[in-house]
Amino acid sequence: MGTHQYRGNELSITIANKHLTREFTDGADGFVTARFATATGVELTHPGLSREGAVTFGETTYHLGGTGEGALPYQGHSVSDLDSGGQRLEVVFGGGEGLPSGLQVKAIYEAPDAVPVLIKQIRVDNEAGAAVKLEGS
């Protein structure tokens, strides 16, 4: 099962399947991939930290995780086993300054054992009752 720990003020979450391991951290730089490697130890991480995403509401862009202006703070996460083997991680972000309460963004990752991939999706849950306009390509 995935692990999580705190290093000072930084949260670290790891998920894996039989092919890959990915470690995420949430700290001053936001929610980022800190390490991505194969089960045999080959590093797939790009130099520097890689932010896991950003969303735009109105005229303001919020990066996932972190603190301060322009941050959509970490609210919690869950890790579960996939029926076919591997793991699923769901990380919840919300409560950004200037956003209505009840508006959450979820980053969902699946690492199935069957293939050496990590599937990522971003989901917006709007229980705030406020209108949200989504644009994307």
# chains A, B, ... in the order shown; residues from 1 in each chain; ligands from 1
>>> select_by_dssp(residues="region 22-114 of chain A", states="strand (DSSP E or B)", output="JSON, numbers by chain")
{"A": [22, 23, 24, 25, 26, 27, 30, 31, 32, 33, 34, 35, 36, 37, 38, 43, 50, 51, 54, 55, 56, 57, 60, 61, 62, 63, 64, 65, 71, 72, 74, 75, 76, 77, 78, 79, 80, 81, 86, 87, 88, 89, 90, 91, 92, 93, 94, 103, 104, 105, 106, 107, 108, 109, 110, 111, 112]}
>>> residues_around(residues="region 121-132 of chain A", least_positions_apart="4", cutoff="12 Å", atoms="only C-alpha atoms", output="ChimeraX atom specification")
/A:52-59,64,88-95,99-110,136
>>> residues_around(residues="region 33-41 of chain A", least_positions_apart="3", cutoff="10 Å", atoms="only C-alpha atoms", output="NGL selection string")
:A and (12-26 or 30 or 44-52 or 116)
>>> closest_residue(among="A:Val79, A:Ala28, A:Ala71, A:Leu11", to="Ala111 (chain A)", atoms="only C-alpha atoms")
A:Val79
>>> atom_distance(atom1="CA of Gln87 (chain A)", atom2="CA of Pro112 (chain A)")
6.3 Å
